[in-house]
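To be precise, the following lines are query-v5.pdb, and they hold PDB, C-alpha atoms, pLDDT in the B column.
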ATOM      1  CA  MET S   1    -139.626  14.648 -59.710  1.00 77.00           C
ATOM      2  CA  GLU S   2    -138.392  11.109 -59.119  1.00 79.00           C
ATOM      3  CA  CYS S   3    -140.605   8.814 -57.085  1.00 80.00           C
ATOM      4  CA  PRO S   4    -138.717   7.675 -53.935  1.00 77.00           C
ATOM      5  CA  ASN S   5    -140.456   4.281 -54.167  1.00 77.00           C
ATOM      6  CA  CYS S   6    -140.441   3.174 -57.820  1.00 82.00           C
ATOM      7  CA  LYS S   7    -138.098   5.833 -59.299  1.00 83.00           C
ATOM      8  CA  ALA S   8    -140.634   6.760 -61.975  1.00 84.00           C
ATOM      9  CA  ASP S   9    -140.412  10.309 -63.267  1.00 85.00           C
ATOM     10  CA  ASN S  10    -143.337  12.561 -62.272  1.00 82.00           C
ATOM     11  CA  SER S  11    -144.091  16.177 -63.090  1.00 80.00           C
ATOM     12  CA  GLU S  12    -143.467  18.704 -60.287  1.00 74.00           C
ATOM     13  CA  ALA S  13    -147.199  19.365 -59.960  1.00 72.00           C
ATOM     14  CA  LYS S  14    -147.908  15.800 -58.850  1.00 75.00           C
ATOM     15  CA  ARG S  15    -148.285  15.014 -55.172  1.00 71.00           C
ATOM     16  CA  PHE S  16    -148.444  11.256 -55.627  1.00 75.00           C
ATOM     17  CA  CYS S  17    -146.553   9.059 -58.036  1.00 79.00           C
ATOM     18  CA  THR S  18    -148.585   8.375 -61.166  1.00 83.00           C
ATOM     19  CA  THR S  19    -146.970   4.934 -61.467  1.00 82.00           C
ATOM     20  CA  CYS S  20    -147.156   3.455 -57.957  1.00 80.00           C
ATOM     21  CA  GLY S  21    -149.221   5.944 -55.973  1.00 78.00           C
ATOM     22  CA  SER S  22    -146.554   6.690 -53.357  1.00 75.00           C
ATOM     23  CA  PRO S  23    -146.417  10.203 -51.861  1.00 72.00           C
ATOM     24  CA  LEU S  24    -143.818  12.382 -53.579  1.00 77.00           C
ATOM     25  CA  GLY S  25    -143.230  14.325 -50.394  1.00 76.00           C
ATOM     26  CA  THR S  26    -143.636  14.106 -46.662  1.00 74.00           C
ATOM     27  CA  LEU S  27    -147.205  14.139 -45.467  1.00 69.00           C
ATOM     28  CA  CYS S  28    -147.891  16.471 -42.561  1.00 70.00           C
ATOM     29  CA  ARG S  29    -149.681  14.495 -39.851  1.00 68.00           C
ATOM     30  CA  ARG S  30    -151.505  17.602 -38.651  1.00 70.00           C
ATOM     31  CA  CYS S  31    -152.742  19.516 -41.685  1.00 71.00           C
ATOM     32  CA  GLY S  32    -152.344  16.950 -44.451  1.00 68.00           C
ATOM     33  CA  LYS S  33    -150.172  19.158 -46.664  1.00 70.00           C
ATOM     34  CA  ILE S  34    -147.363  17.478 -48.519  1.00 71.00           C
ATOM     35  CA  GLY S  35    -143.942  19.084 -48.262  1.00 75.00           C
ATOM     36  CA  LYS S  36    -140.684  18.145 -49.938  1.00 74.00           C
ATOM     37  CA  LEU S  37    -139.068  14.962 -48.669  1.00 72.00           C
ATOM     38  CA  GLU S  38    -136.123  16.936 -47.287  1.00 73.00           C
ATOM     39  CA  ASP S  39    -138.345  19.412 -45.383  1.00 78.00           C
ATOM     40  CA  LYS S  40    -137.964  19.291 -41.605  1.00 77.00           C
ATOM     41  CA  TYR S  41    -141.126  21.267 -40.847  1.00 78.00           C
ATOM     42  CA  CYS S  42    -144.470  21.654 -42.573  1.00 78.00           C
ATOM     43  CA  GLY S  43    -144.577  24.911 -44.518  1.00 80.00           C
ATOM     44  CA  GLU S  44    -148.316  25.186 -43.858  1.00 76.00           C
ATOM     45  CA  CYS S  45    -148.672  24.606 -40.121  1.00 78.00           C
ATOM     46  CA  GLY S  46    -145.149  24.249 -38.732  1.00 78.00           C
ATOM     47  CA  MET S  47    -145.548  20.629 -37.592  1.00 76.00           C
ATOM     48  CA  THR S  48    -142.329  18.620 -37.397  1.00 75.00           C
ATOM     49  CA  LEU S  49    -142.100  16.362 -40.449  1.00 73.00           C
ATOM     50  CA  SER S  50    -139.542  13.942 -39.039  1.00 62.00           C
ATOM     51  CA  ALA S  51    -140.291  10.489 -40.383  1.00 53.00           C
ATOM     52  CA  SER S  52    -141.795   7.978 -38.071  1.00 49.00           C
ATOM     53  CA  PRO S  53    -139.714   4.807 -37.734  1.00 40.00           C
ATOM     54  CA  ASN S  54    -142.686   2.807 -39.019  1.00 44.00           C
ATOM     55  CA  GLU S  55    -143.664   5.241 -41.737  1.00 51.00           C
ATOM     56  CA  HIS S  56    -142.926   2.680 -44.430  1.00 46.00           C
ATOM     57  CA  LEU S  57    -145.991   0.787 -43.246  1.00 44.00           C
ATOM     58  CA  PHE S  58    -148.203   3.601 -44.432  1.00 48.00           C
ATOM     59  CA  LYS S  59    -146.646   4.049 -47.855  1.00 49.00           C
ATOM     60  CA  ARG S  60    -148.651   2.636 -50.664  1.00 49.00           C
ATOM     61  CA  ALA S  61    -147.339  -0.519 -52.214  1.00 49.00           C
ATOM     62  CA  PRO S  62    -146.874  -0.550 -55.987  1.00 53.00           C
ATOM     63  CA  GLN S  63    -150.179  -1.241 -57.728  1.00 52.00           C
ATOM     64  CA  THR S  64    -150.145  -4.766 -59.077  1.00 55.00           C
ATOM     65  CA  GLY S  65    -153.789  -5.176 -59.882  1.00 56.00           C
ATOM     66  CA  ALA S  66    -154.236  -7.870 -57.247  1.00 57.00           C
ATOM     67  CA  THR S  67    -155.291  -7.369 -53.644  1.00 65.00           C
ATOM     68  CA  LYS S  68    -152.712  -8.667 -51.187  1.00 67.00           C
ATOM     69  CA  GLN S  69    -154.006 -11.306 -48.799  1.00 73.00           C
ATOM     70  CA  TYR S  70    -152.725 -11.187 -45.222  1.00 75.00           C
ATOM     71  CA  MET S  71    -152.431 -14.038 -42.780  1.00 76.00           C
ATOM     72  CA  PRO S  72    -153.995 -13.432 -39.329  1.00 77.00           C
ATOM     73  CA  ASP S  73    -150.587 -13.159 -37.658  1.00 76.00           C
ATOM     74  CA  GLU S  74    -149.502 -10.568 -40.253  1.00 77.00           C
ATOM     75  CA  ILE S  75    -152.639  -8.541 -39.571  1.00 81.00           C
ATOM     76  CA  GLU S  76    -151.980  -8.750 -35.844  1.00 78.00           C
ATOM     77  CA  GLU S  77    -148.399  -7.562 -36.388  1.00 75.00           C
ATOM     78  CA  LEU S  78    -149.577  -4.656 -38.563  1.00 80.00           C
ATOM     79  CA  LEU S  79    -152.179  -3.636 -35.979  1.00 82.00           C
ATOM     80  CA  GLN S  80    -149.551  -3.734 -33.222  1.00 75.00           C
ATOM     81  CA  MET S  81    -147.215  -1.576 -35.264  1.00 73.00           C
ATOM     82  CA  ARG S  82    -150.021   0.854 -36.109  1.00 74.00           C
ATOM     83  CA  LYS S  83    -150.921   1.079 -32.410  1.00 72.00           C
ATOM     84  CA  GLN S  84    -147.280   1.782 -31.573  1.00 68.00           C
ATOM     85  CA  VAL S  85    -147.185   4.675 -34.068  1.00 66.00           C
ATOM     86  CA  VAL S  86    -150.463   6.118 -32.767  1.00 67.00           C
ATOM     87  CA  ASP S  87    -149.204   5.854 -29.197  1.00 66.00           C
ATOM     88  CA  GLU S  88    -145.960   7.599 -30.149  1.00 60.00           C
ATOM     89  CA  GLN S  89    -147.874  10.414 -31.830  1.00 58.00           C
ATOM     90  CA  SER S  90    -150.368  10.918 -29.022  1.00 60.00           C
ATOM     91  CA  ALA S  91    -147.607  10.933 -26.452  1.00 59.00           C
ATOM     92  CA  SER S  92    -145.646  13.631 -28.269  1.00 67.00           C
ATOM     93  CA  GLU S  93    -145.511  15.723 -25.126  1.00 82.00           C
ATOM     94  CA  ARG S  94    -148.672  17.784 -25.216  1.00 89.00           C
ATOM     95  CA  VAL S  95    -148.877  20.352 -22.475  1.00 93.00           C
ATOM     96  CA  THR S  96    -151.646  22.119 -20.572  1.00 94.00           C
ATOM     97  CA  GLN S  97    -152.034  25.852 -19.920  1.00 95.00           C
ATOM     98  CA  ASN S  98    -150.518  25.314 -16.463  1.00 95.00           C
ATOM     99  CA  ASP S  99    -147.452  23.664 -18.012  1.00 95.00           C
ATOM    100  CA  ILE S 100    -147.207  26.549 -20.484  1.00 96.00           C
ATOM    101  CA  ASP S 101    -147.392  29.095 -17.673  1.00 95.00           C
ATOM    102  CA  SER S 102    -144.496  27.301 -15.968  1.00 95.00           C
ATOM    103  CA  ILE S 103    -142.471  27.444 -19.175  1.00 94.00           C
ATOM    104  CA  PHE S 104    -143.179  31.155 -19.595  1.00 94.00           C
ATOM    105  CA  ASN S 105    -142.590  32.165 -15.972  1.00 85.00           C
TER     106      ASN S 105
ATOM    107  CA  MET U 106    -149.484  59.681 -21.586  1.00 52.00           C
ATOM    108  CA  LYS U 107    -150.230  55.964 -21.488  1.00 55.00           C
ATOM    109  CA  PRO U 108    -151.281  54.285 -18.239  1.00 60.00           C
ATOM    110  CA  SER U 109    -155.047  54.108 -18.997  1.00 71.00           C
ATOM    111  CA  PRO U 110    -155.931  51.073 -21.145  1.00 69.00           C
ATOM    112  CA  LEU U 111    -157.789  53.501 -23.382  1.00 74.00           C
ATOM    113  CA  ASN U 112    -154.466  54.806 -24.637  1.00 87.00           C
ATOM    114  CA  TYR U 113    -152.981  51.436 -25.521  1.00 95.00           C
ATOM    115  CA  THR U 114    -153.181  49.888 -28.951  1.00 97.00           C
ATOM    116  CA  ALA U 115    -153.453  46.218 -29.856  1.00 97.00           C
ATOM    117  CA  LEU U 116    -153.091  44.106 -32.948  1.00 98.00           C
ATOM    118  CA  VAL U 117    -154.944  40.809 -33.326  1.00 98.00           C
ATOM    119  CA  VAL U 118    -153.571  38.428 -35.964  1.00 98.00           C
ATOM    120  CA  ASP U 119    -155.700  35.361 -36.566  1.00 97.00           C
ATOM    121  CA  ASP U 120    -157.090  33.656 -39.651  1.00 95.00           C
ATOM    122  CA  SER U 121    -160.228  32.611 -37.803  1.00 95.00           C
ATOM    123  CA  PRO U 122    -162.948  35.302 -37.919  1.00 95.00           C
ATOM    124  CA  HIS U 123    -164.427  33.867 -34.728  1.00 94.00           C
ATOM    125  CA  SER U 124    -161.126  34.232 -32.849  1.00 95.00           C
ATOM    126  CA  ARG U 125    -160.554  37.746 -34.163  1.00 96.00           C
ATOM    127  CA  ILE U 126    -163.968  38.907 -32.987  1.00 96.00           C
ATOM    128  CA  LEU U 127    -163.608  37.150 -29.636  1.00 96.00           C
ATOM    129  CA  LEU U 128    -160.240  38.797 -28.950  1.00 97.00           C
ATOM    130  CA  LEU U 129    -161.530  42.159 -30.166  1.00 97.00           C
ATOM    131  CA  ARG U 130    -164.457  41.975 -27.742  1.00 96.00           C
ATOM    132  CA  LEU U 131    -162.291  40.873 -24.830  1.00 96.00           C
ATOM    133  CA  LEU U 132    -159.912  43.777 -25.465  1.00 96.00           C
ATOM    134  CA  GLN U 133    -162.715  46.296 -25.871  1.00 95.00           C
ATOM    135  CA  ARG U 134    -164.334  45.055 -22.683  1.00 94.00           C
ATOM    136  CA  SER U 135    -161.070  45.787 -20.884  1.00 93.00           C
ATOM    137  CA  GLY U 136    -160.975  49.315 -22.223  1.00 94.00           C
ATOM    138  CA  ILE U 137    -158.587  48.799 -25.122  1.00 94.00           C
ATOM    139  CA  THR U 138    -160.567  50.223 -27.992  1.00 92.00           C
ATOM    140  CA  GLN U 139    -157.786  50.878 -30.484  1.00 95.00           C
ATOM    141  CA  VAL U 140    -157.552  47.388 -31.954  1.00 97.00           C
ATOM    142  CA  GLU U 141    -156.370  46.463 -35.416  1.00 97.00           C
ATOM    143  CA  LEU U 142    -157.180  43.111 -36.993  1.00 97.00           C
ATOM    144  CA  ALA U 143    -155.157  41.060 -39.477  1.00 97.00           C
ATOM    145  CA  VAL U 144    -156.054  37.760 -41.126  1.00 97.00           C
ATOM    146  CA  ASN U 145    -152.585  36.213 -41.452  1.00 96.00           C
ATOM    147  CA  GLY U 146    -148.973  36.686 -40.451  1.00 97.00           C
ATOM    148  CA  ALA U 147    -148.050  38.667 -43.553  1.00 97.00           C
ATOM    149  CA  GLU U 148    -150.832  41.202 -43.038  1.00 97.00           C
ATOM    150  CA  GLY U 149    -150.079  41.262 -39.326  1.00 98.00           C
ATOM    151  CA  LEU U 150    -146.454  42.122 -39.988  1.00 97.00           C
ATOM    152  CA  LEU U 151    -147.434  44.937 -42.353  1.00 97.00           C
ATOM    153  CA  ARG U 152    -149.821  46.359 -39.783  1.00 98.00           C
ATOM    154  CA  TYR U 153    -147.232  46.005 -37.035  1.00 98.00           C
ATOM    155  CA  LYS U 154    -144.651  47.925 -39.087  1.00 97.00           C
ATOM    156  CA  ALA U 155    -147.182  50.643 -39.840  1.00 97.00           C
ATOM    157  CA  SER U 156    -148.648  51.241 -36.392  1.00 96.00           C
ATOM    158  CA  LYS U 157    -146.300  49.647 -33.807  1.00 97.00           C
ATOM    159  CA  PRO U 158    -149.103  48.565 -31.448  1.00 97.00           C
ATOM    160  CA  ASP U 159    -148.389  48.154 -27.738  1.00 97.00           C
ATOM    161  CA  MET U 160    -149.392  44.502 -27.752  1.00 98.00           C
ATOM    162  CA  VAL U 161    -149.920  41.759 -30.323  1.00 98.00           C
ATOM    163  CA  PHE U 162    -152.167  38.709 -30.078  1.00 98.00           C
ATOM    164  CA  LEU U 163    -150.825  36.221 -32.568  1.00 98.00           C
ATOM    165  CA  ASP U 164    -152.193  32.917 -33.815  1.00 97.00           C
ATOM    166  CA  ALA U 165    -149.662  30.241 -34.806  1.00 95.00           C
ATOM    167  CA  ILE U 166    -151.187  28.322 -37.699  1.00 93.00           C
ATOM    168  CA  MET U 167    -152.109  30.719 -40.488  1.00 93.00           C
ATOM    169  CA  PRO U 168    -151.831  30.823 -44.258  1.00 91.00           C
ATOM    170  CA  GLU U 169    -149.283  32.994 -46.085  1.00 91.00           C
ATOM    171  CA  MET U 170    -147.103  33.568 -43.020  1.00 94.00           C
ATOM    172  CA  ASP U 171    -147.340  31.472 -39.879  1.00 96.00           C
ATOM    173  CA  GLY U 172    -147.192  32.825 -36.362  1.00 97.00           C
ATOM    174  CA  LEU U 173    -143.620  31.784 -35.648  1.00 97.00           C
ATOM    175  CA  THR U 174    -142.276  33.620 -38.687  1.00 97.00           C
ATOM    176  CA  ALA U 175    -144.406  36.677 -37.917  1.00 98.00           C
ATOM    177  CA  LEU U 176    -143.162  36.628 -34.308  1.00 98.00           C
ATOM    178  CA  GLN U 177    -139.543  36.433 -35.433  1.00 98.00           C
ATOM    179  CA  GLU U 178    -140.037  39.334 -37.863  1.00 98.00           C
ATOM    180  CA  ILE U 179    -141.808  41.467 -35.257  1.00 98.00           C
ATOM    181  CA  LYS U 180    -138.979  40.832 -32.810  1.00 98.00           C
ATOM    182  CA  LYS U 181    -136.449  41.926 -35.426  1.00 97.00           C
ATOM    183  CA  ILE U 182    -138.335  45.217 -35.754  1.00 97.00           C
ATOM    184  CA  GLU U 183    -138.936  45.688 -32.038  1.00 97.00           C
ATOM    185  CA  PRO U 184    -137.110  43.325 -29.644  1.00 97.00           C
ATOM    186  CA  SER U 185    -139.237  44.478 -26.699  1.00 96.00           C
ATOM    187  CA  ALA U 186    -142.553  43.876 -28.503  1.00 97.00           C
ATOM    188  CA  LEU U 187    -145.173  42.276 -26.257  1.00 98.00           C
ATOM    189  CA  VAL U 188    -146.526  39.322 -28.203  1.00 98.00           C
ATOM    190  CA  VAL U 189    -149.097  36.905 -26.808  1.00 98.00           C
ATOM    191  CA  MET U 190    -149.468  33.655 -28.706  1.00 98.00           C
ATOM    192  CA  THR U 191    -153.121  32.605 -28.952  1.00 97.00           C
ATOM    193  CA  THR U 192    -153.143  29.132 -30.421  1.00 95.00           C
ATOM    194  CA  SER U 193    -154.322  25.573 -29.994  1.00 94.00           C
ATOM    195  CA  LEU U 194    -150.800  24.208 -30.510  1.00 92.00           C
ATOM    196  CA  SER U 195    -149.986  22.270 -27.370  1.00 93.00           C
ATOM    197  CA  GLU U 196    -146.814  20.378 -28.247  1.00 92.00           C
ATOM    198  CA  LYS U 197    -144.166  21.214 -25.665  1.00 92.00           C
ATOM    199  CA  GLU U 198    -141.535  21.491 -28.395  1.00 91.00           C
ATOM    200  CA  LYS U 199    -143.581  24.160 -30.183  1.00 93.00           C
ATOM    201  CA  VAL U 200    -144.355  26.078 -27.009  1.00 95.00           C
ATOM    202  CA  ILE U 201    -140.643  26.261 -26.216  1.00 95.00           C
ATOM    203  CA  GLN U 202    -139.930  27.350 -29.788  1.00 95.00           C
ATOM    204  CA  PHE U 203    -142.303  30.333 -29.378  1.00 97.00           C
ATOM    205  CA  LYS U 204    -140.834  31.155 -25.993  1.00 97.00           C
ATOM    206  CA  GLU U 205    -137.322  31.144 -27.436  1.00 97.00           C
ATOM    207  CA  ALA U 206    -138.474  33.300 -30.356  1.00 97.00           C
ATOM    208  CA  GLY U 207    -139.538  35.974 -27.882  1.00 97.00           C
ATOM    209  CA  ALA U 208    -143.239  35.468 -27.153  1.00 98.00           C
ATOM    210  CA  SER U 209    -144.187  37.076 -23.852  1.00 98.00           C
ATOM    211  CA  TYR U 210    -147.204  34.922 -23.055  1.00 98.00           C
ATOM    212  CA  TYR U 211    -148.982  31.896 -24.502  1.00 97.00           C
ATOM    213  CA  LEU U 212    -152.730  31.381 -24.320  1.00 97.00           C
ATOM    214  CA  LEU U 213    -153.810  27.892 -25.247  1.00 96.00           C
ATOM    215  CA  LYS U 214    -157.078  27.897 -27.189  1.00 94.00           C
ATOM    216  CA  PRO U 215    -159.767  27.489 -26.170  1.00 93.00           C
ATOM    217  CA  PHE U 216    -159.090  29.728 -23.179  1.00 93.00           C
ATOM    218  CA  VAL U 217    -161.470  31.153 -20.626  1.00 94.00           C
ATOM    219  CA  SER U 218    -161.947  34.912 -20.436  1.00 94.00           C
ATOM    220  CA  GLU U 219    -160.468  34.952 -16.919  1.00 95.00           C
ATOM    221  CA  LYS U 220    -157.201  33.600 -18.302  1.00 96.00           C
ATOM    222  CA  PHE U 221    -157.217  36.278 -20.990  1.00 97.00           C
ATOM    223  CA  ASP U 222    -157.883  38.990 -18.384  1.00 96.00           C
ATOM    224  CA  GLU U 223    -155.070  37.662 -16.194  1.00 96.00           C
ATOM    225  CA  THR U 224    -152.637  37.875 -19.113  1.00 96.00           C
ATOM    226  CA  LEU U 225    -153.829  41.333 -20.089  1.00 96.00           C
ATOM    227  CA  VAL U 226    -153.302  42.605 -16.543  1.00 95.00           C
ATOM    228  CA  LYS U 227    -149.684  41.406 -16.722  1.00 96.00           C
ATOM    229  CA  ILE U 228    -149.194  43.146 -20.059  1.00 96.00           C
ATOM    230  CA  LEU U 229    -150.702  46.380 -18.791  1.00 95.00           C
ATOM    231  CA  ALA U 230    -148.410  46.216 -15.757  1.00 95.00           C
ATOM    232  CA  ILE U 231    -145.358  45.860 -18.006  1.00 95.00           C
ATOM    233  CA  LEU U 232    -146.535  48.758 -20.175  1.00 95.00           C
ATOM    234  CA  ALA U 233    -147.176  50.936 -17.112  1.00 93.00           C
ATOM    235  CA  GLN U 234    -143.693  50.139 -15.820  1.00 93.00           C
ATOM    236  CA  ARG U 235    -142.160  51.059 -19.150  1.00 91.00           C
ATOM    237  CA  ALA U 236    -144.157  54.283 -19.244  1.00 89.00           C
ATOM    238  CA  MET U 237    -142.881  55.202 -15.772  1.00 88.00           C
ATOM    239  CA  LYS U 238    -139.307  54.572 -16.829  1.00 84.00           C
ATOM    240  CA  GLY U 239    -139.991  56.891 -19.724  1.00 71.00           C
TER     241      GLY U 239
END
Write out the structure in this file as structure tokens.
Amino acid sequence: MECPNCKADNSEAKRFCTTCGSPLGTLCRRCGKIGKLEDKYCGECGMTLSASPNEHLFKRAPQTGATKQYMPDEIEELLQMRKQVVDEQSASERVTQNDIDSIFN
Amino acid sequence: MKPSPLNYTALVVDDSPHSRILLLRLLQRSGITQVELAVNGAEGLLRYKASKPDMVFLDAIMPEMDGLTALQEIKKIEPSALVVMTTSLSEKEKVIQFKEAGASYYLLKPFVSEKFDETLVKILAILAQRAMKG
């Protein structure tokens, strides 16, 4: 299986690239299972696997042996983007039993 | 022969032992004593094919075969099957997906016993109506 990040070849059994550590599939945000990159839904729990627009922020960078240093404004920008993703996820239209009853009636 | 709850059969499909026992007790308390239990969608489907229960209580997230697939397969076998989803999935998109796949009711876990009873009364009413129509 080719790594989508560094293109290194990995065996099918691997879930993360042995060269750069990137996921070799799409991580399910609910159950943590990793499906194929082309999967639309998680085969374990049925969660939609559509990629978040900011998903690239959570991919691992290639391992270089050195720890990247961030400037304060970069950290602030990353935190803002992370907050945006969390907000998007939490607002993904959860419904109550009353809402469900309306849908089913 | 059916109108008494005693004569109805139910199938509970849930991978959580706690949920299975809870649903079993709630059904038994309402007079439905013929209850089969299954631990995942695949086993649930096998049991459904074998015994064609009057009502099914189906979890959504399960190993081997999830609730949506099991629901779709049950509906292929019996389009009028009464299936109640019992799940903690609360995304509107998912709820609509189950509705469109043919679920009759949807109980959001954790639910109170009154909500379960209310749903069961509706199911029993549908079954009684069907029995009257013959």
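Using all atoms listed in the file, the nearest neighbour of chain S within the list U:Ile182, U:Met160, U:Leu116, U:Leu212 is U:Leu212.
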Please report, as a Markdown table, each residue of chain S lying at most 9 Å from chain U, together with the nearest pair of atoms and the separation in Å rounded to one decimal; use all atoms listed in the file, and order rows by chain and ascending residue number.
| residue | atom | partner | partner_atom | distance |
| --- | --- | --- | --- | --- |
| S:Gly43 | CA | U:Asp171 | CA | 8.5 |
| S:Glu44 | CA | U:Pro168 | CA | 6.7 |
| S:Cys45 | CA | U:Ile166 | CA | 5.1 |
| S:Gly46 | CA | U:Ile166 | CA | 7.4 |
| S:Met47 | CA | U:Lys199 | CA | 8.4 |
| S:Ser92 | CA | U:Glu196 | CA | 6.8 |
| S:Glu93 | CA | U:Lys197 | CA | 5.7 |
| S:Arg94 | CA | U:Glu196 | CA | 4.4 |
| S:Val95 | CA | U:Ser195 | CA | 5.4 |
| S:Thr96 | CA | U:Ser195 | CA | 7.0 |
| S:Gln97 | CA | U:Leu213 | CA | 6.0 |
| S:Asp99 | CA | U:Lys197 | CA | 8.7 |
| S:Ile100 | CA | U:Tyr211 | CA | 6.9 |
| S:Asp101 | CA | U:Tyr211 | CA | 7.6 |
| S:Ile103 | CA | U:Ile201 | CA | 7.4 |
| S:Phe104 | CA | U:Tyr210 | CA | 6.5 |
| S:Asn105 | CA | U:Tyr210 | CA | 8.9 |
Selection in question (the file shown): the PyMOL selection byres ((chain S and resi 26) around 7). Which residues does it include, as an mmCIF file with C-alpha atoms, in the coordinates of the input?
data_model
loop_
_atom_site.group_PDB
_atom_site.id
_atom_site.type_symbol
_atom_site.label_atom_id
_atom_site.label_comp_id
_atom_site.auth_asym_id
_atom_site.auth_seq_id
_atom_site.Cartn_x
_atom_site.Cartn_y
_atom_site.Cartn_z
ATOM 1 C CA GLY S 25 -143.230 14.325 -50.394
ATOM 2 C CA LEU S 27 -147.205 14.139 -45.467
ATOM 3 C CA CYS S 28 -147.891 16.471 -42.561
ATOM 4 C CA ILE S 34 -147.363 17.478 -48.519
ATOM 5 C CA GLY S 35 -143.942 19.084 -48.262
ATOM 6 C CA LYS S 36 -140.684 18.145 -49.938
ATOM 7 C CA LEU S 37 -139.068 14.962 -48.669
ATOM 8 C CA LEU S 49 -142.100 16.362 -40.449
#
>> Report as a PyMOL selection string all protein, DNA and RNA residues lying within 8 Å of Leu163 (chain U), evaluated on all atoms listed in the file, omitting residues in the same chain fewer than 2 positions from it.
In response: chain U and resi 117-119+161+165+172+176+188-192
> What gap, in Å, lies between CA of Glu219 (chain U) and CA of Lys238 (chain U)?
Replying inline: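 Answer for the CA of Glu219 (chain U) to CA of Lys238 (chain U) separation: 28.9 Å.
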Residues selected by the PyMOL selection byres ((chain U and resi 135) around 10), written as a PDB file with C-alpha atoms, in the frame of the given file:
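Just written: selection.pdb:
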ATOM      1  CA  PRO U 110    -155.931  51.073 -21.145  1.00 69.00           C
ATOM      2  CA  LEU U 111    -157.789  53.501 -23.382  1.00 74.00           C
ATOM      3  CA  LEU U 129    -161.530  42.159 -30.166  1.00 97.00           C
ATOM      4  CA  ARG U 130    -164.457  41.975 -27.742  1.00 96.00           C
ATOM      5  CA  LEU U 131    -162.291  40.873 -24.830  1.00 96.00           C
ATOM      6  CA  LEU U 132    -159.912  43.777 -25.465  1.00 96.00           C
ATOM      7  CA  GLN U 133    -162.715  46.296 -25.871  1.00 95.00           C
ATOM      8  CA  ARG U 134    -164.334  45.055 -22.683  1.00 94.00           C
ATOM      9  CA  GLY U 136    -160.975  49.315 -22.223  1.00 94.00           C
ATOM     10  CA  ILE U 137    -158.587  48.799 -25.122  1.00 94.00           C
ATOM     11  CA  THR U 138    -160.567  50.223 -27.992  1.00 92.00           C
ATOM     12  CA  ASP U 222    -157.883  38.990 -18.384  1.00 96.00           C
ATOM     13  CA  LEU U 225    -153.829  41.333 -20.089  1.00 96.00           C
ATOM     14  CA  VAL U 226    -153.302  42.605 -16.543  1.00 95.00           C
TER      15      VAL U 226
END
> Skipping near chain neighbours, those fewer than 2 positions away, what residues fall within 9 Å of Cys17 (chain S) using all atoms listed in the file, listed as JSON, numbers by chain?
Replying inline: {"S": [2, 3, 4, 5, 6, 8, 9, 10, 14, 15, 19, 20, 21, 22, 23, 24]}
Written selection (C-alpha atoms) as a PDB file, in the coordinates of the input:
ATOM      1  CA  GLU S   2    -138.392  11.109 -59.119  1.00 79.00           C
ATOM      2  CA  CYS S   3    -140.605   8.814 -57.085  1.00 80.00           C
ATOM      3  CA  PRO S   4    -138.717   7.675 -53.935  1.00 77.00           C
ATOM      4  CA  ASN S   5    -140.456   4.281 -54.167  1.00 77.00           C
ATOM      5  CA  CYS S   6    -140.441   3.174 -57.820  1.00 82.00           C
ATOM      6  CA  ALA S   8    -140.634   6.760 -61.975  1.00 84.00           C
ATOM      7  CA  ASP S   9    -140.412  10.309 -63.267  1.00 85.00           C
ATOM      8  CA  ASN S  10    -143.337  12.561 -62.272  1.00 82.00           C
ATOM      9  CA  LYS S  14    -147.908  15.800 -58.850  1.00 75.00           C
ATOM     10  CA  ARG S  15    -148.285  15.014 -55.172  1.00 71.00           C
ATOM     11  CA  THR S  19    -146.970   4.934 -61.467  1.00 82.00           C
ATOM     12  CA  CYS S  20    -147.156   3.455 -57.957  1.00 80.00           C
ATOM     13  CA  GLY S  21    -149.221   5.944 -55.973  1.00 78.00           C
ATOM     14  CA  SER S  22    -146.554   6.690 -53.357  1.00 75.00           C
ATOM     15  CA  PRO S  23    -146.417  10.203 -51.861  1.00 72.00           C
ATOM     16  CA  LEU S  24    -143.818  12.382 -53.579  1.00 77.00           C
TER      17      LEU S  24
END
>> Could you check the closest approach to Lys181 (chain U) for each of U:Phe162, U:Gln202, U:Val217, U:Lys154 and tell me which residue wins, using only C-alpha atoms?
In response: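 Residue with the minimum atom-to-atom distance to Lys181 (chain U): U:Lys154.
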> Between CA of Cys42 (chain S) and CA of Arg30 (chain S), what is the distance, to one decimal in Å?
Replying inline: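 About the pair CA of Cys42 (chain S) and CA of Arg30 (chain S): they are 9.0 Å apart.
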>> For the provided coordinates, the residues matched by the PyMOL selection byres ((chain U and resi 229) around 10) should be stated as a ChimeraX atom specification.
In response: /U:107-110,113,159-160,224-228,230-235
>> Would you compute the distance between CA of Thr48 (chain S) and CA of Ser11 (chain S)? Give it in Å to one decimal.
In response: 25.9 Å
